[in-house]
Amino acid sequence: MVEDLRSGGDHERRLSAAMPGLWQHVAEQLGTAVAVLDPAGRIVAVNPAAERLLGRAAAVVHGQDLHDLCHRDPGGAVVPRERCPLLRALAEGRPARGDDDRFLRGDGRLVPMSWSATPLTDDDVSGVSLGMVVLIVEIAAERRARRERAERAEQSERVEQAERAAHTSALESLAERLTLVAEITDVLGQTLEVDEALARLSRLLVPRLADWAAVDLRVGSRQVHRVAVTGPEGRDARQEDWRGHLPPAGEAAHSPLVQVLSGGGPVLQVRPDLDAPPDSPLAAVHSAFLGATGAASVITVPLGSRGHVTGALTLVRTEAARPFDTGDLDVVSDIGRRVGLVIDNARRFGRQRAVAEAMQRNLLPPLPEHGRFQLAARYQPAPAGSQVGGDWYDAFPLRDGTLALVIGDVVGHDLTAAAGMAQLHGILRSLTWDHPGPTGAVVDRLDDAMHAITTVRMATLVLARVEGPDTGPWTLHWTSAGHPPPLLLTSDGNAQYLESGQGLILGTHLGAGGHRPSATHALPPGSTLLLYTDGLIEVRGSDLDSGLARLRRHALALAHDPLDTLCDRLSARMAPGSTDDIALLALRLPVPVTGAEA
């Protein structure tokens, strides 16, 4: 049935994404008939109970309109579509039910049915309808007779209403479980941060499925850390008491938490099970936690699979009249597998990011001392949850004593980008060191060689030279390969973007007939030149012009600060929301030496 569900069009694929893993665990084993409809009312999937009830195989009904195929009036005629409450509810995206309809079976028999429908919507696309889950029940002859007698007897009517309410509650509970798993799958896929993923998970589980939730993670080979405890609102202080490192489990311990952390399967406990004495220090702490919450029933499931358990999820209900059941156990087990996968991915991502960040920092060169020039640089990795990129800076004297400045960004966000940055950094130094020609010609040579001797596909950079004697005047010669323009701050309070010298990014292969432009600009005494990568100006939800204006405004406010202070404060003043690395290289020109000072 899962294969049928995934074989249709776009709506079918999105419906399958809303119920991964649950169709087999819940719907297919359910004795109640379940059908999933797309927004047009066509059957996307049915479970075995629906095949038996409708007298038709899944392959026969797949893709057919449920109303046209089955819905009839008491005389056997097709109900007009405009009078069908199921189609109206599907069109309006609301739940609905019918208590005394007729359905035409595959063998031609007309049978009375009751049904309950719950809409499926896509929250990521402004509530767009994905279709409906319809649960169908045949109304047996004796039940119809009892309902007819209930019209004459008030007591019988109350019994019938109670039965219908319980039945509807069970159907709604199933629909709620399906919706909850779909929401959890969606929110877990939005982050690679373990703490954020667990916080989002807890907000969905409590109070919708449980009164309390606790998450324990394995740290190393034997340590266990309780990283999250979530309970009713107003119990924050108590929740904090239960977080932290847990004691060892013990080799022969048999408590459910110990067994789950050791690779065992999910466990459902009710009140008598909870009274068993703990058999290890870890079990004692966990038992005290359950006692403090007033647990009446508990589910403990592994995070991950039995072969690779990263921790355990414990859910608690405190009402004895509303204990967990086996259906809840199936749902929570599926959630545990998904959370374990997210934690594994986050840990692998964190290890790769730490290696890439260390590699990138170690490859960034120390700044040289060059006459009376002041130089400062900063590298700031992307915020947690983003990947390390290929941003870099460089400053070095050329063969003729001229100071060269470089800022660059390799396209990509992984170890490959960091390695490519190192390759470009070395090649550009070699090409620049003894080449006194225009900066654009140097970058053209780098572009020609890049694909032959590096793994870099595309990159941006600014290459600049500061020419002039120690006492000035000085001139900036530069070219830009698709990089944000340098920003020049003068001592009289002006700030100017140097937008000349712009050419195509590296990797575009200009060929023999194309050349990148070079530009020149006088550098006044006491002025400050800023070279930076796009992480300093690009913020999600903001356009590039706004980012450039924001950088210019903040830089002007800091223009007279010491150069190191300017660099430290500039990134701190930028608006939050950047998901990219930041590299910043600053040059400050000396002020003229007066006769008295000389």
# chains A, B, ... in the order shown; residues from 1 in each chain; ligands from 1
$ select_by_dssp --residues "region 254-411 of chain A" --states "helix (DSSP H, G or I)" --output "ChimeraX atom specification"
/A:256-261,271-274,281-293,326-363
$ residues_around --residues "Leu274 (chain A)" --least-positions-apart "3" --cutoff "9 Å" --atoms "only C-alpha atoms" --output "list in words"
Gln269, Val270, Arg271, Pro277, Ser287, Leu290, Gly291, Ala295, Ala296, Ser297 and Val298 of chain A
$ write_last_selection --atoms "N, CA, C and O atoms" --output "compact mmCIF listing (two decimals), in the first residue's frame"
# COMPACT_ATOMS: atom_id res chain seq x y z
N GLN A 269 4.77 0.86 30.12
CA GLN A 269 4.57 0.53 31.53
C GLN A 269 3.28 1.16 32.04
O GLN A 269 2.99 2.32 31.75
N VAL A 270 2.53 0.37 32.82
CA VAL A 270 1.35 0.88 33.52
C VAL A 270 1.64 0.86 35.01
O VAL A 270 2.72 0.46 35.45
N ARG A 271 0.66 1.23 35.83
CA ARG A 271 0.92 1.48 37.25
C ARG A 271 1.59 0.32 37.99
O ARG A 271 2.58 0.53 38.70
N PRO A 277 10.85 -2.26 42.28
CA PRO A 277 12.00 -1.54 42.86
C PRO A 277 13.11 -1.38 41.82
O PRO A 277 13.35 -2.28 41.01
N SER A 287 13.38 6.32 38.35
CA SER A 287 12.18 6.01 39.12
C SER A 287 11.75 7.20 39.98
O SER A 287 10.57 7.49 40.11
N LEU A 290 9.99 9.64 37.70
CA LEU A 290 8.62 9.22 37.39
C LEU A 290 7.71 9.42 38.59
O LEU A 290 6.55 9.83 38.44
N GLY A 291 8.22 9.15 39.79
CA GLY A 291 7.42 9.38 40.98
C GLY A 291 7.10 10.85 41.19
O GLY A 291 5.98 11.21 41.57
N ALA A 295 3.54 9.71 37.56
CA ALA A 295 3.29 8.91 36.37
C ALA A 295 2.26 7.82 36.64
O ALA A 295 2.33 7.10 37.64
N ALA A 296 1.28 7.71 35.71
CA ALA A 296 0.31 6.61 35.73
C ALA A 296 0.61 5.59 34.64
O ALA A 296 0.31 4.42 34.79
N SER A 297 1.17 6.04 33.53
CA SER A 297 1.64 5.14 32.48
C SER A 297 2.82 5.81 31.78
O SER A 297 2.90 7.04 31.70
N VAL A 298 3.75 4.98 31.27
CA VAL A 298 5.01 5.49 30.73
C VAL A 298 5.37 4.72 29.47
O VAL A 298 5.19 3.49 29.41
$ residues_around --residues "region 388-398 of chain A" --least-positions-apart "4" --cutoff "6 Å" --atoms "only C-alpha atoms" --output "ChimeraX atom specification"
/A:402-410,413-414,417-418,421,433,583
$ residues_around --residues "His225 (chain A)" --least-positions-apart "2" --cutoff "7 Å" --atoms "only C-alpha atoms" --output "NGL selection string"
:A and (216-219 or 223 or 227 or 244-246)
$ closest_residue --among "A:Pro272, A:Gly231, A:Pro562, A:Gly472" --to "Ala586 (chain A)" --atoms "only C-alpha atoms"
A:Pro562
$ select_by_dssp --residues "region 258-306 of chain A" --states "strand (DSSP E or B)" --output "list in words"
Val267, Leu268, Gln269, Val270, Ser297, Val298, Ile299, Thr300, Val301, Pro302, Leu303, Gly304 and Ser305 of chain A
$ residues_around --residues "Thr300 (chain A)" --least-positions-apart "3" --cutoff "6 Å" --atoms "only C-alpha atoms" --output "PyMOL selection string"
chain A and resi 266-267+313-314
$ closest_residue --among "A:Ile299, A:Leu198, A:Ala377, A:Ala117" --to "Val260 (chain A)" --atoms "only C-alpha atoms"
A:Ile299
$ atom_distance --atom1 "CA of Ser518 (chain A)" --atom2 "CA of Ala459 (chain A)"
18.0 Å
